[in-house]
>>> print(open('coords-v8.cif').read())   # mmCIF, C-alpha atoms, pLDDT in the B column; chains and numbers go by the auth columns
data_coords
#
loop_
_atom_site.group_PDB
_atom_site.id
_atom_site.type_symbol
_atom_site.label_atom_id
_atom_site.label_comp_id
_atom_site.label_asym_id
_atom_site.label_seq_id
_atom_site.Cartn_x
_atom_site.Cartn_y
_atom_site.Cartn_z
_atom_site.B_iso_or_equiv
_atom_site.auth_seq_id
_atom_site.auth_asym_id
ATOM 1 C CA MET A 1 -10.450 14.927 -31.845 42.00 1 A
ATOM 2 C CA HIS A 2 -13.297 16.275 -29.706 42.00 2 A
ATOM 3 C CA ARG A 3 -14.933 14.245 -26.938 42.00 3 A
ATOM 4 C CA VAL A 4 -18.120 13.751 -28.956 38.00 4 A
ATOM 5 C CA GLU A 5 -16.205 12.365 -31.961 46.00 5 A
ATOM 6 C CA ALA A 6 -13.971 10.209 -29.785 45.00 6 A
ATOM 7 C CA HIS A 7 -16.933 8.765 -27.901 43.00 7 A
ATOM 8 C CA GLU A 8 -18.866 8.080 -31.109 39.00 8 A
ATOM 9 C CA ARG A 9 -15.840 6.233 -32.529 41.00 9 A
ATOM 10 C CA GLY A 10 -15.757 4.026 -29.443 45.00 10 A
ATOM 11 C CA HIS A 11 -12.408 5.165 -28.026 49.00 11 A
ATOM 12 C CA PRO A 12 -11.951 3.584 -24.605 49.00 12 A
ATOM 13 C CA GLY A 13 -11.750 6.007 -21.717 54.00 13 A
ATOM 14 C CA VAL A 14 -13.632 8.783 -23.440 59.00 14 A
ATOM 15 C CA ALA A 15 -16.690 9.906 -21.558 61.00 15 A
ATOM 16 C CA PRO A 16 -19.942 10.536 -23.399 67.00 16 A
ATOM 17 C CA PRO A 17 -20.313 14.259 -24.087 70.00 17 A
ATOM 18 C CA ASP A 18 -22.963 14.659 -21.385 78.00 18 A
ATOM 19 C CA GLU A 19 -20.772 13.065 -18.678 86.00 19 A
ATOM 20 C CA PRO A 20 -17.798 14.571 -16.828 90.00 20 A
ATOM 21 C CA SER A 21 -14.296 14.071 -18.209 92.00 21 A
ATOM 22 C CA ASP A 22 -11.833 11.747 -16.493 94.00 22 A
ATOM 23 C CA ASP A 23 -10.060 14.705 -14.909 93.00 23 A
ATOM 24 C CA ASP A 24 -13.391 16.029 -13.615 94.00 24 A
ATOM 25 C CA VAL A 25 -14.241 12.592 -12.190 95.00 25 A
ATOM 26 C CA ILE A 26 -10.955 12.461 -10.275 95.00 26 A
ATOM 27 C CA ARG A 27 -11.410 15.985 -8.928 94.00 27 A
ATOM 28 C CA ALA A 28 -14.978 15.231 -7.841 95.00 28 A
ATOM 29 C CA SER A 29 -13.917 11.946 -6.205 94.00 29 A
ATOM 30 C CA LEU A 30 -11.603 13.819 -3.851 94.00 30 A
ATOM 31 C CA ALA A 31 -14.665 15.188 -2.048 95.00 31 A
ATOM 32 C CA GLU A 32 -17.001 12.275 -2.842 94.00 32 A
ATOM 33 C CA PRO A 33 -15.033 9.008 -3.190 94.00 33 A
ATOM 34 C CA LYS A 34 -17.954 7.125 -4.755 93.00 34 A
ATOM 35 C CA ARG A 35 -17.644 9.362 -7.843 94.00 35 A
ATOM 36 C CA PHE A 36 -14.437 7.503 -8.805 95.00 36 A
ATOM 37 C CA GLY A 37 -16.491 4.577 -10.199 94.00 37 A
ATOM 38 C CA PRO A 38 -16.916 5.781 -13.803 95.00 38 A
ATOM 39 C CA LEU A 39 -13.146 5.572 -14.320 95.00 39 A
ATOM 40 C CA PHE A 40 -13.327 1.820 -13.806 95.00 40 A
ATOM 41 C CA ASP A 41 -16.160 1.557 -16.341 94.00 41 A
ATOM 42 C CA ARG A 42 -14.208 3.604 -18.899 95.00 42 A
ATOM 43 C CA HIS A 43 -10.734 2.087 -18.515 96.00 43 A
ATOM 44 C CA ALA A 44 -10.962 -1.386 -16.960 96.00 44 A
ATOM 45 C CA LEU A 45 -11.245 -3.280 -20.246 96.00 45 A
ATOM 46 C CA PRO A 46 -8.088 -1.936 -21.980 96.00 46 A
ATOM 47 C CA VAL A 47 -6.074 -2.165 -18.741 96.00 47 A
ATOM 48 C CA HIS A 48 -7.286 -5.745 -18.204 96.00 48 A
ATOM 49 C CA ARG A 49 -6.359 -6.717 -21.778 95.00 49 A
ATOM 50 C CA TYR A 50 -2.869 -5.332 -21.249 94.00 50 A
ATOM 51 C CA LEU A 51 -2.490 -7.161 -17.930 93.00 51 A
ATOM 52 C CA ALA A 52 -3.872 -10.440 -19.302 92.00 52 A
ATOM 53 C CA ARG A 53 -1.391 -10.366 -22.169 89.00 53 A
ATOM 54 C CA ARG A 54 1.432 -9.737 -19.743 86.00 54 A
ATOM 55 C CA ILE A 55 0.581 -12.018 -16.818 80.00 55 A
ATOM 56 C CA GLY A 56 -2.355 -14.292 -17.688 82.00 56 A
ATOM 57 C CA PRO A 57 -4.877 -15.290 -15.002 83.00 57 A
ATOM 58 C CA ALA A 58 -3.406 -12.931 -12.389 82.00 58 A
ATOM 59 C CA ALA A 59 -4.746 -10.048 -14.492 90.00 59 A
ATOM 60 C CA ASP A 60 -8.021 -9.946 -12.564 92.00 60 A
ATOM 61 C CA ASP A 61 -6.219 -9.414 -9.259 91.00 61 A
ATOM 62 C CA LEU A 62 -3.785 -6.908 -10.745 92.00 62 A
ATOM 63 C CA LEU A 63 -6.655 -4.977 -12.329 95.00 63 A
ATOM 64 C CA ALA A 64 -8.319 -4.644 -8.950 94.00 64 A
ATOM 65 C CA GLU A 65 -5.019 -3.656 -7.376 94.00 65 A
ATOM 66 C CA THR A 66 -4.384 -1.111 -10.155 95.00 66 A
ATOM 67 C CA PHE A 67 -7.665 0.666 -9.478 96.00 67 A
ATOM 68 C CA LEU A 68 -7.153 0.460 -5.715 94.00 68 A
ATOM 69 C CA VAL A 69 -3.753 2.125 -6.049 95.00 69 A
ATOM 70 C CA ALA A 70 -5.227 4.719 -8.429 95.00 70 A
ATOM 71 C CA PHE A 71 -8.037 5.443 -5.962 95.00 71 A
ATOM 72 C CA ARG A 72 -5.593 5.839 -3.088 94.00 72 A
ATOM 73 C CA ARG A 73 -3.301 8.081 -5.149 94.00 73 A
ATOM 74 C CA ARG A 74 -5.985 10.116 -6.898 94.00 74 A
ATOM 75 C CA ALA A 75 -5.042 13.261 -4.962 93.00 75 A
ATOM 76 C CA SER A 76 -1.556 13.170 -6.538 91.00 76 A
ATOM 77 C CA TYR A 77 -2.875 12.717 -10.110 92.00 77 A
ATOM 78 C CA THR A 78 -1.829 15.456 -12.535 86.00 78 A
ATOM 79 C CA SER A 79 -3.897 15.957 -15.653 82.00 79 A
ATOM 80 C CA GLY A 80 -0.962 16.455 -18.037 80.00 80 A
ATOM 81 C CA VAL A 81 -0.620 12.769 -18.965 81.00 81 A
ATOM 82 C CA GLY A 82 -4.232 11.604 -18.943 90.00 82 A
ATOM 83 C CA VAL A 83 -5.989 9.003 -16.830 94.00 83 A
ATOM 84 C CA ARG A 84 -5.520 6.055 -19.211 94.00 84 A
ATOM 85 C CA PRO A 85 -1.705 6.329 -19.427 94.00 85 A
ATOM 86 C CA TRP A 86 -1.612 6.980 -15.652 94.00 86 A
ATOM 87 C CA LEU A 87 -3.497 3.717 -15.076 96.00 87 A
ATOM 88 C CA PHE A 88 -1.194 1.824 -17.466 95.00 88 A
ATOM 89 C CA GLY A 89 1.753 3.218 -15.517 92.00 89 A
ATOM 90 C CA ILE A 90 0.309 1.963 -12.235 94.00 90 A
ATOM 91 C CA ALA A 91 -0.417 -1.431 -13.809 94.00 91 A
ATOM 92 C CA THR A 92 3.131 -1.661 -15.192 91.00 92 A
ATOM 93 C CA ASN A 93 4.619 -0.835 -11.790 88.00 93 A
ATOM 94 C CA LEU A 94 2.492 -3.549 -10.188 89.00 94 A
ATOM 95 C CA LEU A 95 3.640 -5.972 -12.881 85.00 95 A
ATOM 96 C CA ARG A 96 7.229 -5.379 -11.881 82.00 96 A
ATOM 97 C CA ARG A 97 6.471 -7.188 -8.644 76.00 97 A
ATOM 98 C CA HIS A 98 5.184 -10.102 -10.659 76.00 98 A
ATOM 99 C CA VAL A 99 8.000 -10.187 -13.200 68.00 99 A
ATOM 100 C CA ARG A 100 9.227 -13.635 -12.176 69.00 100 A
ATOM 101 C CA THR A 101 5.752 -15.042 -12.761 67.00 101 A
ATOM 102 C CA GLU A 102 5.619 -13.316 -16.132 64.00 102 A
ATOM 103 C CA GLU A 103 8.980 -14.693 -17.231 73.00 103 A
ATOM 104 C CA ARG A 104 8.011 -18.212 -16.156 74.00 104 A
ATOM 105 C CA ARG A 105 4.750 -17.815 -18.099 73.00 105 A
ATOM 106 C CA TYR A 106 6.554 -16.831 -21.322 74.00 106 A
ATOM 107 C CA ARG A 107 8.882 -19.802 -20.974 75.00 107 A
ATOM 108 C CA ALA A 108 5.889 -22.087 -20.362 77.00 108 A
ATOM 109 C CA LEU A 109 4.161 -20.696 -23.458 76.00 109 A
ATOM 110 C CA ALA A 110 7.290 -21.389 -25.445 75.00 110 A
ATOM 111 C CA ARG A 111 7.399 -24.983 -24.136 74.00 111 A
ATOM 112 C CA LEU A 112 3.716 -25.443 -24.939 72.00 112 A
ATOM 113 C CA ALA A 113 4.198 -24.194 -28.478 69.00 113 A
ATOM 114 C CA ALA A 114 7.092 -26.636 -28.791 66.00 114 A
ATOM 115 C CA GLY A 115 4.796 -29.494 -27.794 62.00 115 A
ATOM 116 C CA GLU A 116 6.078 -30.150 -24.292 51.00 116 A
ATOM 117 C CA SER A 117 3.563 -31.149 -21.654 49.00 117 A
ATOM 118 C CA THR A 118 2.371 -28.417 -19.288 46.00 118 A
ATOM 119 C CA PRO A 119 0.255 -28.358 -16.169 52.00 119 A
ATOM 120 C CA SER A 120 -3.458 -27.691 -16.575 55.00 120 A
ATOM 121 C CA VAL A 121 -3.091 -24.281 -14.900 56.00 121 A
ATOM 122 C CA ILE A 122 -0.957 -23.103 -17.798 52.00 122 A
ATOM 123 C CA GLU A 123 -3.363 -24.639 -20.288 52.00 123 A
ATOM 124 C CA ASP A 124 -6.206 -22.702 -18.664 53.00 124 A
ATOM 125 C CA ALA A 125 -4.181 -19.494 -18.895 51.00 125 A
ATOM 126 C CA ILE A 126 -3.391 -20.117 -22.548 47.00 126 A
ATOM 127 C CA ASP A 127 -7.080 -20.418 -23.361 50.00 127 A
ATOM 128 C CA ARG A 128 -7.454 -16.829 -22.201 48.00 128 A
ATOM 129 C CA LEU A 129 -4.586 -15.362 -24.196 49.00 129 A
ATOM 130 C CA ASP A 130 -4.581 -13.751 -27.599 42.00 130 A
ATOM 131 C CA ALA A 131 -3.502 -16.011 -30.425 42.00 131 A
ATOM 132 C CA ALA A 132 -0.605 -13.685 -31.211 44.00 132 A
ATOM 133 C CA ALA A 133 0.827 -14.225 -27.726 42.00 133 A
ATOM 134 C CA LEU A 134 1.026 -17.979 -28.298 44.00 134 A
ATOM 135 C CA ARG A 135 3.871 -17.892 -30.779 60.00 135 A
ATOM 136 C CA ARG A 136 6.730 -19.798 -29.271 69.00 136 A
ATOM 137 C CA ASP A 137 9.431 -17.618 -30.745 72.00 137 A
ATOM 138 C CA LEU A 138 7.810 -14.403 -29.636 78.00 138 A
ATOM 139 C CA ALA A 139 7.280 -15.754 -26.121 79.00 139 A
ATOM 140 C CA LEU A 140 10.963 -16.700 -25.905 79.00 140 A
ATOM 141 C CA ALA A 141 12.020 -13.327 -27.267 83.00 141 A
ATOM 142 C CA LEU A 142 9.869 -11.468 -24.722 85.00 142 A
ATOM 143 C CA ALA A 143 11.164 -13.625 -21.882 83.00 143 A
ATOM 144 C CA SER A 144 14.750 -12.852 -22.874 86.00 144 A
ATOM 145 C CA LEU A 145 14.300 -9.061 -22.749 89.00 145 A
ATOM 146 C CA HIS A 146 15.306 -7.065 -19.695 90.00 146 A
ATOM 147 C CA ARG A 147 12.228 -6.039 -17.695 88.00 147 A
ATOM 148 C CA ARG A 148 12.682 -2.318 -18.415 92.00 148 A
ATOM 149 C CA ASP A 149 12.962 -2.888 -22.161 93.00 149 A
ATOM 150 C CA ARG A 150 9.999 -5.298 -22.145 91.00 150 A
ATOM 151 C CA ASP A 151 7.850 -2.745 -20.260 90.00 151 A
ATOM 152 C CA VAL A 152 8.482 -0.058 -22.879 92.00 152 A
ATOM 153 C CA LEU A 153 7.923 -2.462 -25.789 91.00 153 A
ATOM 154 C CA LEU A 154 4.637 -3.806 -24.411 90.00 154 A
ATOM 155 C CA LEU A 155 3.325 -0.376 -23.369 91.00 155 A
ATOM 156 C CA THR A 156 3.892 0.665 -26.972 89.00 156 A
ATOM 157 C CA ALA A 157 2.523 -2.471 -28.633 87.00 157 A
ATOM 158 C CA TRP A 158 -0.267 -3.596 -26.307 86.00 158 A
ATOM 159 C CA ALA A 159 -1.295 -0.416 -24.493 87.00 159 A
ATOM 160 C CA ASP A 160 -0.806 1.823 -27.551 86.00 160 A
ATOM 161 C CA LEU A 161 0.824 4.592 -25.520 90.00 161 A
ATOM 162 C CA SER A 162 2.910 7.311 -27.120 91.00 162 A
ATOM 163 C CA TYR A 163 6.577 7.842 -26.261 93.00 163 A
ATOM 164 C CA GLU A 164 5.603 10.892 -24.206 93.00 164 A
ATOM 165 C CA GLN A 165 2.980 8.939 -22.258 92.00 165 A
ATOM 166 C CA ILE A 166 5.387 6.073 -21.575 92.00 166 A
ATOM 167 C CA ALA A 167 8.040 8.524 -20.383 92.00 167 A
ATOM 168 C CA ALA A 168 5.531 10.125 -18.036 89.00 168 A
ATOM 169 C CA VAL A 169 4.124 6.917 -16.548 86.00 169 A
ATOM 170 C CA LEU A 170 7.527 5.247 -16.086 90.00 170 A
ATOM 171 C CA ASP A 171 9.110 8.522 -14.928 89.00 171 A
ATOM 172 C CA ILE A 172 11.980 8.312 -17.405 93.00 172 A
ATOM 173 C CA PRO A 173 13.213 10.742 -20.079 95.00 173 A
ATOM 174 C CA ILE A 174 11.727 10.382 -23.559 94.00 174 A
ATOM 175 C CA GLY A 175 15.202 9.626 -24.910 95.00 175 A
ATOM 176 C CA THR A 176 15.365 6.633 -22.576 95.00 176 A
ATOM 177 C CA VAL A 177 12.004 5.440 -23.902 95.00 177 A
ATOM 178 C CA ARG A 178 13.333 5.653 -27.447 95.00 178 A
ATOM 179 C CA SER A 179 16.582 3.846 -26.641 95.00 179 A
ATOM 180 C CA ARG A 180 14.824 1.077 -24.665 94.00 180 A
ATOM 181 C CA LEU A 181 12.262 0.601 -27.419 93.00 181 A
ATOM 182 C CA HIS A 182 14.978 0.501 -30.075 93.00 182 A
ATOM 183 C CA ARG A 183 16.960 -2.055 -28.056 93.00 183 A
ATOM 184 C CA ALA A 184 13.838 -4.172 -27.353 91.00 184 A
ATOM 185 C CA ARG A 185 12.859 -4.194 -31.024 91.00 185 A
ATOM 186 C CA ARG A 186 16.400 -5.029 -32.139 90.00 186 A
ATOM 187 C CA LEU A 187 16.766 -7.864 -29.618 88.00 187 A
ATOM 188 C CA THR A 188 13.304 -9.215 -30.435 85.00 188 A
ATOM 189 C CA ARG A 189 14.066 -9.185 -34.176 84.00 189 A
ATOM 190 C CA LEU A 190 17.398 -10.877 -33.505 84.00 190 A
ATOM 191 C CA ALA A 191 15.801 -13.545 -31.300 79.00 191 A
ATOM 192 C CA LEU A 192 13.104 -14.206 -33.896 73.00 192 A
ATOM 193 C CA ALA A 193 15.676 -14.382 -36.690 72.00 193 A
ATOM 194 C CA LEU A 194 17.731 -16.905 -34.715 69.00 194 A
ATOM 195 C CA GLU A 195 14.683 -19.120 -34.294 56.00 195 A
ATOM 196 C CA GLU A 196 13.927 -19.256 -38.030 55.00 196 A
ATOM 197 C CA PRO A 197 15.080 -22.421 -39.779 51.00 197 A
ATOM 198 C CA THR A 198 17.916 -21.877 -42.235 46.00 198 A
#
>>> encode(input="coords-v8.cif", output="structure tokens")
Amino acid sequence: MHRVEAHERGHPGVAPPDEPSDDDVIRASLAEPKRFGPLFDRHALPVHRYLARRIGPAADDLLAETFLVAFRRRASYTSGVGVRPWLFGIATNLLRRHVRTEERRYRALARLAAGESTPSVIEDAIDRLDAAALRRDLALALASLHRRDRDVLLLTAWADLSYEQIAAVLDIPIGTVRSRLHRARRLTRLALALEEPT
């Protein structure tokens, strides 16, 4: 798909045909740092959605941190993967530091769906989440996955990255992506099946 078609269809991260590409923006920002700004405008929304689904209210801070890290590392960016997957990779690495918070959040969502009382902070976070993320069983299943498997599953499902893009941003072989995704799907299906009433 050409840039004009992609932009007209509203694909996030695609520059209008009369504006520089993401790769051009990064190259230009090496000499003029203020030229990095359009990348935020193009990619902040999908990265924020991904972060909000994963961590809740901390997404705003992690979004800012993601773009700060990207800005600081822009000289090491290679155009083979693309800016959007590169940003999702940075965001996922930052999430690893917050994995305990994420796991507690999934358990809290599961308790909320079960009708247990929760602090107002969690209630505020839940108001900001997608309805699909509120399912108790899914929250428990996600919380039970190993961090590496959960990262691959959510980069596939919520960030819509290809196996090749996930392999590149997590710096793992594509076979590892496939095996982690297979394991995450199998364990999630198993956890959901165990929660169903018989």
>>> closest_residue(input="coords-v8.cif", among="A:Val169, A:Leu154, A:Ala141, A:Leu63", to="Gly80 (chain A)", atoms="all atoms listed in the file")
A:Val169
>>> atom_distance(input="coords-v8.cif", atom1="CA of Asp22 (chain A)", atom2="CA of Pro38 (chain A)")
8.3 Å
>>> residues_around(input="coords-v8.cif", residues="region 88-97 of chain A", least_positions_apart="3", cutoff="10 Å", atoms="all atoms listed in the file", output="JSON, numbers by chain")
{"A": [43, 46, 47, 48, 50, 51, 54, 55, 58, 59, 62, 63, 64, 65, 66, 67, 69, 70, 83, 84, 85, 100, 101, 102, 147, 148, 151, 152, 154, 155, 159, 161, 165, 166, 167, 168, 169, 170, 171]}
>>> atom_distance(input="coords-v8.cif", atom1="CA of Gly37 (chain A)", atom2="CA of Leu68 (chain A)")
11.1 Å
>>> atom_distance(input="coords-v8.cif", atom1="CA of Glu19 (chain A)", atom2="CA of Ala52 (chain A)")
29.0 Å
>>> residues_around(input="coords-v8.cif", residues="Arg74 (chain A)", least_positions_apart="4", cutoff="9 Å", atoms="all atoms listed in the file", output="VMD selection string")
chain A and resid 26 to 27 29 to 30 69 to 70 78
>>> closest_residue(input="coords-v8.cif", among="A:Ala143, A:Leu45, A:Leu138, A:Ala108", to="Arg189 (chain A)", atoms="only C-alpha atoms")
A:Leu138
>>> residues_around(input="coords-v8.cif", residues="Asp149 (chain A)", least_positions_apart="2", cutoff="9 Å", atoms="all atoms listed in the file", output="PDB file with C-alpha atoms, keeping the file's coordinate frame")
ATOM      1  CA  LEU A 145      14.300  -9.061 -22.749  1.00 89.00           C
ATOM      2  CA  HIS A 146      15.306  -7.065 -19.695  1.00 90.00           C
ATOM      3  CA  ARG A 147      12.228  -6.039 -17.695  1.00 88.00           C
ATOM      4  CA  ASP A 151       7.850  -2.745 -20.260  1.00 90.00           C
ATOM      5  CA  VAL A 152       8.482  -0.058 -22.879  1.00 92.00           C
ATOM      6  CA  LEU A 153       7.923  -2.462 -25.789  1.00 91.00           C
ATOM      7  CA  LEU A 154       4.637  -3.806 -24.411  1.00 90.00           C
ATOM      8  CA  VAL A 177      12.004   5.440 -23.902  1.00 95.00           C
ATOM      9  CA  SER A 179      16.582   3.846 -26.641  1.00 95.00           C
ATOM     10  CA  ARG A 180      14.824   1.077 -24.665  1.00 94.00           C
ATOM     11  CA  LEU A 181      12.262   0.601 -27.419  1.00 93.00           C
ATOM     12  CA  HIS A 182      14.978   0.501 -30.075  1.00 93.00           C
ATOM     13  CA  ARG A 183      16.960  -2.055 -28.056  1.00 93.00           C
ATOM     14  CA  ALA A 184      13.838  -4.172 -27.353  1.00 91.00           C
ATOM     15  CA  ARG A 185      12.859  -4.194 -31.024  1.00 91.00           C
TER      16      ARG A 185
END
>>> resolve_selection(input="coords-v8.cif", expression="the PyMOL selection byres ((chain A and resi 140) around 10)", output="PyMOL selection string")
chain A and resi 103+106-111+135-139+141-145+188+191-192+195
>>> axis_aligned_box(input="coords-v8.cif", around="region 25-38 of chain A", padding_each_side="3 Å", output="AutoDock Vina command-line options")
--center_x -14.5 --center_y 10.3 --center_z -7.9 --size_x 13.0 --size_y 17.4 --size_z 17.8
>>> closest_residue(input="coords-v8.cif", among="A:Val81, A:Leu190, A:Leu87, A:Ala28", to="Ala44 (chain A)", atoms="all atoms listed in the file")
A:Leu87
>>> build_atoms(input="coords-v8.cif", residues="region 81-93 of chain A", atoms="N, CA, C and O atoms", output="PDB file, in the coordinates of the input")
ATOM      1  N   VAL A  81      -0.832  14.028 -18.252  1.00 81.00           N
ATOM      2  CA  VAL A  81      -0.620  12.769 -18.965  1.00 81.00           C
ATOM      3  C   VAL A  81      -1.926  12.160 -19.437  1.00 81.00           C
ATOM      4  O   VAL A  81      -2.001  11.585 -20.500  1.00 81.00           O
ATOM      5  N   GLY A  82      -2.956  12.242 -18.648  1.00 90.00           N
ATOM      6  CA  GLY A  82      -4.232  11.604 -18.943  1.00 90.00           C
ATOM      7  C   GLY A  82      -4.429  10.402 -18.045  1.00 90.00           C
ATOM      8  O   GLY A  82      -3.469   9.757 -17.608  1.00 90.00           O
ATOM      9  N   VAL A  83      -5.673  10.074 -17.763  1.00 94.00           N
ATOM     10  CA  VAL A  83      -5.989   9.003 -16.830  1.00 94.00           C
ATOM     11  C   VAL A  83      -5.574   7.642 -17.384  1.00 94.00           C
ATOM     12  O   VAL A  83      -5.005   6.822 -16.666  1.00 94.00           O
ATOM     13  N   ARG A  84      -5.836   7.376 -18.648  1.00 94.00           N
ATOM     14  CA  ARG A  84      -5.520   6.055 -19.211  1.00 94.00           C
ATOM     15  C   ARG A  84      -4.034   5.740 -19.119  1.00 94.00           C
ATOM     16  O   ARG A  84      -3.646   4.690 -18.595  1.00 94.00           O
ATOM     17  N   PRO A  85      -3.138   6.617 -19.586  1.00 94.00           N
ATOM     18  CA  PRO A  85      -1.705   6.329 -19.427  1.00 94.00           C
ATOM     19  C   PRO A  85      -1.293   6.224 -17.949  1.00 94.00           C
ATOM     20  O   PRO A  85      -0.440   5.402 -17.598  1.00 94.00           O
ATOM     21  N   TRP A  86      -1.891   7.039 -17.081  1.00 94.00           N
ATOM     22  CA  TRP A  86      -1.612   6.980 -15.652  1.00 94.00           C
ATOM     23  C   TRP A  86      -1.954   5.589 -15.109  1.00 94.00           C
ATOM     24  O   TRP A  86      -1.168   4.986 -14.368  1.00 94.00           O
ATOM     25  N   LEU A  87      -3.095   5.056 -15.513  1.00 96.00           N
ATOM     26  CA  LEU A  87      -3.497   3.717 -15.076  1.00 96.00           C
ATOM     27  C   LEU A  87      -2.559   2.641 -15.628  1.00 96.00           C
ATOM     28  O   LEU A  87      -2.203   1.693 -14.925  1.00 96.00           O
ATOM     29  N   PHE A  88      -2.148   2.777 -16.901  1.00 95.00           N
ATOM     30  CA  PHE A  88      -1.194   1.824 -17.466  1.00 95.00           C
ATOM     31  C   PHE A  88       0.140   1.891 -16.729  1.00 95.00           C
ATOM     32  O   PHE A  88       0.815   0.870 -16.548  1.00 95.00           O
ATOM     33  N   GLY A  89       0.527   3.075 -16.301  1.00 92.00           N
ATOM     34  CA  GLY A  89       1.753   3.218 -15.517  1.00 92.00           C
ATOM     35  C   GLY A  89       1.658   2.500 -14.183  1.00 92.00           C
ATOM     36  O   GLY A  89       2.594   1.802 -13.761  1.00 92.00           O
ATOM     37  N   ILE A  90       0.529   2.656 -13.504  1.00 94.00           N
ATOM     38  CA  ILE A  90       0.309   1.963 -12.235  1.00 94.00           C
ATOM     39  C   ILE A  90       0.334   0.456 -12.465  1.00 94.00           C
ATOM     40  O   ILE A  90       0.981  -0.300 -11.728  1.00 94.00           O
ATOM     41  N   ALA A  91      -0.369   0.004 -13.501  1.00 94.00           N
ATOM     42  CA  ALA A  91      -0.417  -1.431 -13.809  1.00 94.00           C
ATOM     43  C   ALA A  91       0.983  -1.975 -14.107  1.00 94.00           C
ATOM     44  O   ALA A  91       1.348  -3.059 -13.644  1.00 94.00           O
ATOM     45  N   THR A  92       1.776  -1.223 -14.856  1.00 91.00           N
ATOM     46  CA  THR A  92       3.131  -1.661 -15.192  1.00 91.00           C
ATOM     47  C   THR A  92       3.996  -1.745 -13.935  1.00 91.00           C
ATOM     48  O   THR A  92       4.771  -2.698 -13.767  1.00 91.00           O
ATOM     49  N   ASN A  93       3.857  -0.786 -13.039  1.00 88.00           N
ATOM     50  CA  ASN A  93       4.619  -0.835 -11.790  1.00 88.00           C
ATOM     51  C   ASN A  93       4.219  -2.043 -10.943  1.00 88.00           C
ATOM     52  O   ASN A  93       5.069  -2.687 -10.324  1.00 88.00           O
TER      53      ASN A  93
END
